[in-house]
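Q: Below is the file protein18.csv, with CSV, C-alpha atoms.
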```
chain,number,residue,atom,x,y,z
O,24,MET,CA,-48.0,43.2,15.1
O,25,LYS,CA,-47.2,43.8,11.5
O,26,GLY,CA,-43.5,44.4,12.3
O,27,ALA,CA,-43.4,41.2,14.5
O,28,GLY,CA,-45.0,39.2,11.7
O,29,ARG,CA,-42.3,40.4,9.2
O,30,ARG,CA,-39.6,39.4,11.7
O,31,LEU,CA,-41.1,36.0,12.2
O,32,LEU,CA,-41.3,35.5,8.4
O,33,ALA,CA,-37.7,36.5,8.0
O,34,LEU,CA,-36.6,34.0,10.6
O,35,ALA,CA,-38.7,31.3,9.0
O,36,LEU,CA,-36.9,31.9,5.7
O,37,LEU,CA,-33.5,31.8,7.4
O,38,TRP,CA,-34.2,28.7,9.5
O,39,PRO,CA,-33.5,26.0,6.9
O,40,ALA,CA,-30.0,27.4,6.5
O,41,PHE,CA,-29.3,26.9,10.2
O,42,ALA,CA,-31.2,23.7,10.7
O,43,ALA,CA,-29.8,21.8,7.7
O,44,PRO,CA,-26.4,23.1,6.5
O,45,LEU,CA,-25.5,22.2,3.0
O,46,PRO,CA,-23.0,19.2,2.8
O,47,ALA,CA,-19.4,19.9,1.9
O,48,GLN,CA,-18.8,19.9,-1.8
O,49,ALA,CA,-17.9,16.5,-3.1
O,50,ARG,CA,-14.4,16.1,-4.4
O,51,GLU,CA,-12.6,13.8,-6.8
O,52,LEU,CA,-9.7,12.3,-4.9
O,53,LEU,CA,-6.6,11.0,-6.6
O,54,ALA,CA,-5.2,7.8,-5.2
O,55,VAL,CA,-1.8,6.6,-6.5
O,56,GLY,CA,0.2,3.4,-6.1
O,57,ALA,CA,2.2,0.8,-7.9
O,58,GLN,CA,1.2,-2.7,-9.0
O,59,PHE,CA,0.7,-4.5,-5.7
O,60,GLU,CA,-0.7,-8.0,-6.2
O,61,HIS,CA,-4.3,-8.3,-4.8
O,62,VAL,CA,-4.0,-4.8,-3.2
O,63,PHE,CA,-3.8,-2.5,-6.2
O,64,GLU,CA,-4.0,-3.9,-9.7
O,65,TYR,CA,-4.7,-2.8,-13.3
O,66,GLN,CA,-7.2,-5.2,-14.7
O,67,ASP,CA,-7.8,-6.4,-18.3
O,68,SER,CA,-11.1,-4.6,-18.3
O,69,GLY,CA,-9.2,-1.3,-17.9
O,70,GLU,CA,-10.4,-0.8,-14.3
O,71,TYR,CA,-8.4,-0.8,-11.1
O,72,GLY,CA,-9.1,-3.5,-8.6
O,73,GLY,CA,-7.7,-5.1,-5.5
O,74,LEU,CA,-8.4,-4.8,-1.8
O,75,GLY,CA,-7.0,-1.2,-1.5
O,76,ALA,CA,-9.0,0.0,-4.5
O,77,ASP,CA,-12.2,-1.5,-3.3
O,78,LEU,CA,-11.8,0.0,0.2
O,79,LEU,CA,-11.1,3.4,-1.2
O,80,ARG,CA,-14.2,3.3,-3.3
O,81,LEU,CA,-16.3,2.4,-0.3
O,82,MET,CA,-14.8,5.1,1.9
O,83,ALA,CA,-15.0,7.8,-0.7
O,84,ALA,CA,-18.6,7.1,-1.4
O,85,ARG,CA,-19.4,7.2,2.4
O,86,THR,CA,-17.7,10.5,2.8
O,87,GLY,CA,-19.5,12.1,-0.2
O,88,ASN,CA,-16.4,11.9,-2.5
O,89,THR,CA,-15.3,10.0,-5.6
O,90,VAL,CA,-11.9,8.6,-6.3
O,91,ARG,CA,-9.8,8.0,-9.4
O,92,PHE,CA,-6.7,5.9,-9.6
O,93,ARG,CA,-3.3,6.3,-11.1
O,94,MET,CA,-0.6,3.6,-11.3
O,95,VAL,CA,3.0,4.8,-11.4
O,96,PRO,CA,6.4,3.4,-10.2
O,97,TRP,CA,6.5,3.1,-6.4
O,98,ALA,CA,9.2,5.7,-5.8
O,99,ARG,CA,7.3,8.2,-7.9
O,100,ALA,CA,4.0,7.4,-6.2
O,101,GLN,CA,5.6,8.3,-2.8
O,102,ALA,CA,7.0,11.5,-4.2
O,103,MET,CA,3.7,12.5,-5.6
O,104,LEU,CA,2.0,12.2,-2.2
O,105,ALA,CA,4.8,13.9,-0.3
O,106,GLN,CA,4.6,16.9,-2.8
O,107,GLY,CA,0.8,17.1,-2.4
O,108,GLN,CA,0.2,16.0,-6.0
O,109,ALA,CA,-2.0,13.1,-4.8
O,110,ASP,CA,-4.6,12.7,-2.0
O,111,ILE,CA,-3.9,9.1,-1.0
O,112,LEU,CA,-1.1,6.6,-1.4
O,113,ILE,CA,-2.1,2.9,-1.5
O,114,GLY,CA,-0.3,0.4,0.7
O,115,PRO,CA,3.0,1.9,2.2
O,116,TYR,CA,4.6,0.2,5.1
O,117,LYS,CA,5.2,2.6,8.0
O,118,THR,CA,8.8,3.8,8.6
O,119,PRO,CA,10.3,6.8,10.5
O,120,GLU,CA,11.5,8.3,7.2
O,121,ARG,CA,8.0,8.0,5.6
O,122,MET,CA,6.3,9.4,8.7
O,123,ALA,CA,8.3,12.6,8.2
O,124,SER,CA,6.6,13.2,4.8
O,125,MET,CA,3.3,11.3,5.0
O,126,ALA,CA,0.4,11.1,7.5
O,127,PHE,CA,-0.6,7.5,7.9
O,128,ALA,CA,-4.1,6.2,8.5
O,129,ASP,CA,-4.7,5.1,12.1
O,130,LYS,CA,-5.0,1.4,11.2
O,131,PRO,CA,-3.4,-0.9,8.6
O,132,PHE,CA,-5.5,-2.7,6.1
O,133,TYR,CA,-3.2,-5.6,5.1
O,134,GLN,CA,-0.2,-7.5,6.3
O,135,ASP,CA,2.8,-9.0,4.5
O,136,GLN,CA,5.6,-11.6,5.1
O,137,MET,CA,9.0,-10.5,3.9
O,138,VAL,CA,11.2,-13.4,2.7
O,139,PHE,CA,14.3,-14.2,0.8
O,140,TYR,CA,13.9,-15.9,-2.6
O,141,THR,CA,16.7,-18.0,-4.2
O,142,ARG,CA,17.1,-20.4,-7.1
O,143,GLN,CA,15.7,-23.9,-6.5
O,144,ASN,CA,19.1,-25.5,-6.7
O,145,ALA,CA,21.0,-22.8,-4.7
O,146,SER,CA,22.7,-23.7,-1.4
O,147,VAL,CA,21.6,-20.5,0.3
O,148,GLY,CA,20.0,-21.0,3.7
O,149,TRP,CA,19.0,-18.5,6.3
O,150,ASP,CA,18.4,-19.0,10.0
O,151,GLY,CA,18.3,-15.4,11.1
O,152,ASP,CA,22.0,-14.7,10.7
O,153,TYR,CA,22.5,-12.0,8.1
O,154,SER,CA,26.3,-12.8,7.8
O,155,VAL,CA,25.5,-15.6,5.3
O,156,LEU,CA,24.6,-12.8,2.8
O,157,LYS,CA,27.9,-11.0,2.9
O,158,ASN,CA,29.3,-12.9,-0.2
O,159,ARG,CA,25.9,-13.0,-2.0
O,160,ARG,CA,24.5,-10.6,-4.6
O,161,VAL,CA,21.2,-9.3,-3.4
O,162,VAL,CA,18.4,-7.5,-5.3
O,163,LEU,CA,15.9,-5.2,-3.6
O,164,LEU,CA,12.9,-3.3,-5.0
O,165,ASN,CA,13.2,0.4,-5.6
O,166,GLY,CA,11.4,2.5,-2.9
O,167,TRP,CA,10.4,-0.5,-0.7
O,168,ALA,CA,10.9,-0.6,3.0
O,169,TYR,CA,12.4,-3.8,4.5
O,170,GLY,CA,12.5,-3.1,8.2
O,171,ALA,CA,15.0,-1.5,10.7
O,172,GLU,CA,17.2,-4.6,11.0
O,173,TRP,CA,17.6,-4.9,7.3
O,174,GLU,CA,18.5,-1.3,6.9
O,175,ARG,CA,21.2,-1.7,9.5
O,176,ILE,CA,23.0,-4.6,7.7
O,177,ARG,CA,22.3,-3.4,4.1
O,178,PRO,CA,25.5,-1.2,3.8
O,179,GLY,CA,27.7,-4.2,4.1
O,180,LEU,CA,26.0,-6.2,1.2
O,181,GLN,CA,26.3,-6.3,-2.5
O,182,VAL,CA,22.9,-4.7,-3.4
O,183,SER,CA,21.3,-4.1,-6.7
O,184,VAL,CA,17.9,-2.5,-7.3
O,185,ALA,CA,15.0,-3.6,-9.5
O,186,ASN,CA,11.9,-1.5,-10.4
O,187,ASN,CA,9.4,-4.3,-10.0
O,188,VAL,CA,8.9,-7.8,-8.9
O,189,GLU,CA,9.1,-9.3,-12.4
O,190,ASN,CA,12.5,-7.7,-13.0
O,191,GLY,CA,13.8,-8.9,-9.6
O,192,LEU,CA,12.8,-12.5,-10.3
O,193,LYS,CA,14.3,-12.4,-13.8
O,194,MET,CA,17.6,-11.1,-12.3
O,195,LEU,CA,17.5,-14.1,-9.9
O,196,VAL,CA,16.7,-16.7,-12.6
O,197,HIS,CA,19.3,-15.4,-15.0
O,198,LYS,CA,21.9,-15.5,-12.2
O,199,HIS,CA,22.6,-11.8,-12.0
O,200,VAL,CA,21.9,-12.0,-8.3
O,201,ASP,CA,21.8,-14.8,-5.7
O,202,VAL,CA,19.0,-13.5,-3.5
O,203,PHE,CA,15.8,-11.5,-4.1
O,204,VAL,CA,14.2,-9.8,-1.1
O,205,SER,CA,10.4,-9.4,-1.4
O,206,ASN,CA,7.1,-10.3,0.1
O,207,ARG,CA,5.1,-13.4,-0.7
O,208,ARG,CA,1.8,-11.6,-1.5
O,209,ASN,CA,3.4,-9.6,-4.3
O,210,THR,CA,5.8,-12.3,-5.5
O,211,ASP,CA,4.2,-15.7,-5.5
O,212,PRO,CA,1.5,-14.8,-8.1
O,213,VAL,CA,4.3,-13.4,-10.4
O,214,ILE,CA,6.3,-16.6,-10.1
O,215,VAL,CA,3.2,-18.5,-11.3
O,216,ARG,CA,2.6,-16.1,-14.2
O,217,LEU,CA,6.2,-16.3,-15.4
O,218,GLY,CA,6.3,-20.1,-15.0
O,219,TYR,CA,9.2,-19.9,-12.5
O,220,GLY,CA,7.7,-22.4,-10.0
O,221,ARG,CA,10.5,-24.9,-10.6
O,222,LEU,CA,13.2,-22.3,-10.8
O,223,VAL,CA,12.9,-20.2,-7.6
O,224,LYS,CA,11.8,-20.7,-4.1
O,225,PRO,CA,11.2,-18.7,-0.9
O,226,LEU,CA,13.3,-19.5,2.1
O,227,PRO,CA,11.0,-20.7,4.9
O,228,ARG,CA,12.1,-18.3,7.6
O,229,VAL,CA,10.2,-14.9,7.5
O,230,ILE,CA,12.5,-11.9,7.7
O,231,GLU,CA,9.8,-9.6,9.1
O,232,VAL,CA,6.0,-9.0,9.1
O,233,GLN,CA,5.0,-5.6,7.7
O,234,ASN,CA,1.6,-3.9,7.9
O,235,GLY,CA,0.4,-1.8,4.9
O,236,TYR,CA,-1.6,1.4,5.3
O,237,PHE,CA,-3.2,4.2,3.4
O,238,ALA,CA,-1.2,7.4,3.6
O,239,PHE,CA,-2.1,11.1,3.1
O,240,PRO,CA,-0.1,14.3,2.6
O,241,ARG,CA,1.1,15.8,5.9
O,242,ALA,CA,-0.4,19.2,5.1
O,243,PRO,CA,-3.1,20.3,7.6
O,244,ALA,CA,-5.6,20.7,4.6
O,245,PHE,CA,-5.7,16.9,4.4
O,246,ASP,CA,-6.3,16.2,8.1
O,247,LYS,CA,-10.1,16.2,7.8
O,248,LEU,CA,-10.0,13.7,4.9
O,249,ARG,CA,-7.7,11.4,6.8
O,250,LEU,CA,-9.9,11.5,9.9
O,251,GLN,CA,-13.0,10.9,7.9
O,252,PHE,CA,-11.4,7.8,6.3
O,253,ASP,CA,-10.2,6.6,9.7
O,254,GLN,CA,-13.8,6.7,11.0
O,255,GLU,CA,-15.2,4.9,7.9
O,256,PHE,CA,-12.4,2.3,8.0
O,257,SER,CA,-13.2,1.5,11.6
O,258,GLY,CA,-16.8,0.9,10.6
O,259,LEU,CA,-15.6,-1.5,7.8
O,260,ILE,CA,-13.7,-3.4,10.5
O,261,ASP,CA,-16.6,-3.6,12.9
O,262,SER,CA,-19.1,-4.7,10.3
O,263,GLY,CA,-16.8,-7.5,9.0
O,264,GLU,CA,-16.5,-6.0,5.6
O,265,LEU,CA,-12.7,-5.7,5.7
O,266,LYS,CA,-12.4,-9.4,6.7
O,267,LYS,CA,-14.8,-10.4,3.9
O,268,LEU,CA,-12.8,-8.4,1.3
O,269,GLY,CA,-9.5,-9.8,2.6
O,270,LYS,CA,-10.8,-13.3,2.0
O,271,ARG,CA,-12.0,-12.4,-1.5
O,272,TYR,CA,-8.6,-11.1,-2.5
O,273,ASP,CA,-6.6,-13.6,-0.5
O,274,VAL,CA,-4.8,-10.9,1.5
O,275,ALA,CA,-3.8,-11.2,5.1
O,276,ILE,CA,-5.6,-8.8,7.4
O,277,PRO,CA,-3.8,-7.6,10.6
```
Please, can you express the file's structure as structure tokens?
A:
Amino acid sequence: MKGAGRRLLALALLWPAFAAPLPAQARELLAVGAQFEHVFEYQDSGEYGGLGADLLRLMAARTGNTVRFRMVPWARAQAMLAQGQADILIGPYKTPERMASMAFADKPFYQDQMVFYTRQNASVGWDGDYSVLKNRRVVLLNGWAYGAEWERIRPGLQVSVANNVENGLKMLVHKHVDVFVSNRRNTDPVIVRLGYGRLVKPLPRVIEVQNGYFAFPRAPAFDKLRLQFDQEFSGLIDSGELKKLGKRYDVAIP
């Protein structure tokens, strides 16, 4: 009986380890991105805000992690993720080229309208026929994706590249280019800040609607994190939290 008692005592001491395994160690995640109006923004307070930042804070907390943010030029942010120097990229559109180096979240968290911007007094019009751009100077944003049809016609155009929305608008206003290709969410607030409301205008026809995602490195070590975030994000959709945050930040939700 004494031997049996000792064995029972040993099992009792071991039981908590089997019954309640310790949670995985919390990790500080690095999320990177560029200035995306209402999605990822550096605020006057020194904090990062926007729909994407708020969603990541919620999902990190619910998975037992924390998250810190870093804002860098968009092309560099994508390279950091592809090289495993960051855990999450905020806001990329999905393209075949990016899917080769990034693992996208299951569902998008925002939606954009891509349009052409011209000067207010310009005679440029667009009805879906890209041939009207052949004799126009066009500026694009470095590292942005504009859709398959745009990539098909791009080689025949006079294309310049700007590093951010503000520079693209200034090139347009100062007549270095004739057309600026961007999305309304990112561009309209910058037009207001720069006082360009009477100088530039979006053409009414939408080029393409793009969905924006969170993306993760393709390495298998990040699969668990991505799946955890997918599960938490689905919960935010079902609870109505995503819709509520979208309204707060004036961002279209898919």
Q: Go through O:Arg249, O:Arg228, O:Arg241, O:Lys267 and flag the residue nearest Arg121 of chain O, using only C-alpha atoms for the distances.
A: O:Arg241
Q: With only C-alpha atoms as the basis for distance, which of O:Gly151, O:Pro96, O:Pro131, O:Pro227 is at the shortest distance from Asn165 of chain O?
A: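 Going through O:Gly151, O:Pro96, O:Pro131, O:Pro227 one by one, the smallest distance to Asn165 of chain O is for O:Pro96.
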Q: Would you mind telling me which residue in O:Leu180, O:Val90, O:Leu81, O:Ala98 lies nearest to Gly56 of chain O when using only C-alpha atoms?
A: O:Ala98
Q: Record the distance separating atom CA of Gln251 of chain O and atom CA of Arg50 of chain O, expressed in Å with one decimal.
A: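 Taking atom CA of Gln251 of chain O as the start and atom CA of Arg50 of chain O as the end point, the length is 13.4 Å.
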Q: Taking (21.5, -18.2, -6.0) in the file's coordinates as the center, which residues reach within 8 Å of it, counting all atoms listed in the file, put as a ChimeraX atom specification?
A: /O:141-142,144-147,159,195,198,200-202
Q: Between O:Glu51, O:Tyr169, O:Leu164, O:Ile176, which one has atoms that come closest to Ala84 of chain O, using all atoms listed in the file?
A: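 Counting all atoms listed in the file, the residue closest to Ala84 of chain O is O:Glu51.
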Q: Dump as a Markdown table the rows for residues of segment 133-242 of chain O within 9 Å of segment 57-79 of chain O: closest atom pair and distance in Å with one decimal, all atoms listed in the file counted, ordered by chain and rising residue number.
A:
```
| residue | atom | partner | partner_atom | distance |
| --- | --- | --- | --- | --- |
| O:Tyr133 | CA | O:Val62 | CA | 8.4 |
| O:Asn187 | CA | O:Gln58 | CA | 8.4 |
| O:Arg208 | CA | O:Glu60 | CA | 6.4 |
| O:Asn209 | CA | O:Glu60 | CA | 4.8 |
| O:Thr210 | CA | O:Glu60 | CA | 7.8 |
| O:Pro212 | CA | O:Glu60 | CA | 7.4 |
| O:Val213 | CA | O:Glu60 | CA | 8.5 |
| O:Phe237 | CA | O:Gly75 | CA | 8.2 |
```
Q: Kindly give the distance, in Å, that separates atom CA of Arg160 of chain O and atom CA of Val182 of chain O, rounded to a single decimal.
A: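 Straight-line distance from atom CA of Arg160 of chain O to atom CA of Val182 of chain O works out to 6.2 Å.
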Q: Which value, in Å to one decimal, gives the distance between atom CA of Ala128 of chain O and atom CA of Phe252 of chain O?
A: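 Going from atom CA of Ala128 of chain O over to atom CA of Phe252 of chain O, I get 7.8 Å.
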Q: If we count all atoms listed in the file and set the cut-off at 10 Å, which residues sit around Leu52 of chain O, ignoring sequence neighbours fewer than 5 positions away in its own chain? Please answer as a list of chain:residue names.
A: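 Within the cut-off, the hits are O:Leu79, O:Ala83, O:Asn88, O:Thr89, O:Val90, O:Arg91, O:Phe92, O:Ala109, O:Asp110, O:Ile111, O:Leu248.
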Q: Could you list, as JSON, numbers by chain, every residue within 12 Å of Lys247 of chain O, counting all atoms listed in the file and ignoring same-chain residues fewer than 6 positions away?
A: {"O": [47, 86, 110, 126, 128, 239, 240, 241, 253, 254]}
Q: Write a file of the selected residues as an mmCIF file, in the frame of the given file, keeping C-alpha atoms.
A:
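Written out: again32.cif:
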```cif
data_model
loop_
_atom_site.group_PDB
_atom_site.id
_atom_site.type_symbol
_atom_site.label_atom_id
_atom_site.label_comp_id
_atom_site.auth_asym_id
_atom_site.auth_seq_id
_atom_site.Cartn_x
_atom_site.Cartn_y
_atom_site.Cartn_z
ATOM 1 C CA ALA O 47 -19.400 19.900 1.900
ATOM 2 C CA THR O 86 -17.700 10.500 2.800
ATOM 3 C CA ASP O 110 -4.600 12.700 -2.000
ATOM 4 C CA ALA O 126 0.400 11.100 7.500
ATOM 5 C CA ALA O 128 -4.100 6.200 8.500
ATOM 6 C CA PHE O 239 -2.100 11.100 3.100
ATOM 7 C CA PRO O 240 -0.100 14.300 2.600
ATOM 8 C CA ARG O 241 1.100 15.800 5.900
ATOM 9 C CA ASP O 253 -10.200 6.600 9.700
ATOM 10 C CA GLN O 254 -13.800 6.700 11.000
#
```
Q: Check the smallest atom-to-atom distance from each of O:Ser183, O:Ser205, O:Asn190, O:Asn234 to Leu217 of chain O using all atoms listed in the file, then report the winner.
A: O:Asn190
Q: Near Ile276 of chain O, counting all atoms listed in the file, which residues have an atom at most 10 Å away, once you skip same-chain residues fewer than 2 positions from it, shown as a compact mmCIF listing (two decimals) with C-alpha atoms, in the coordinates of the input?
A:
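In the end it all went to selection11.txt:
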```
# COMPACT_ATOMS: atom_id res chain seq x y z
CA PRO O 131 -3.40 -0.90 8.60
CA PHE O 132 -5.50 -2.70 6.10
CA TYR O 133 -3.20 -5.60 5.10
CA GLN O 134 -0.20 -7.50 6.30
CA ASP O 135 2.80 -9.00 4.50
CA ASN O 234 1.60 -3.90 7.90
CA GLY O 235 0.40 -1.80 4.90
CA LEU O 265 -12.70 -5.70 5.70
CA LYS O 266 -12.40 -9.40 6.70
CA LYS O 267 -14.80 -10.40 3.90
CA LEU O 268 -12.80 -8.40 1.30
CA GLY O 269 -9.50 -9.80 2.60
CA LYS O 270 -10.80 -13.30 2.00
CA ASP O 273 -6.60 -13.60 -0.50
CA VAL O 274 -4.80 -10.90 1.50
```
Q: Which residue gives the smallest distance to Asp129 of chain O among O:Arg175, O:His197, O:Arg216, O:Lys117, with only C-alpha atoms counted?
A: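 Residue with the minimum atom-to-atom distance to Asp129 of chain O: O:Lys117.
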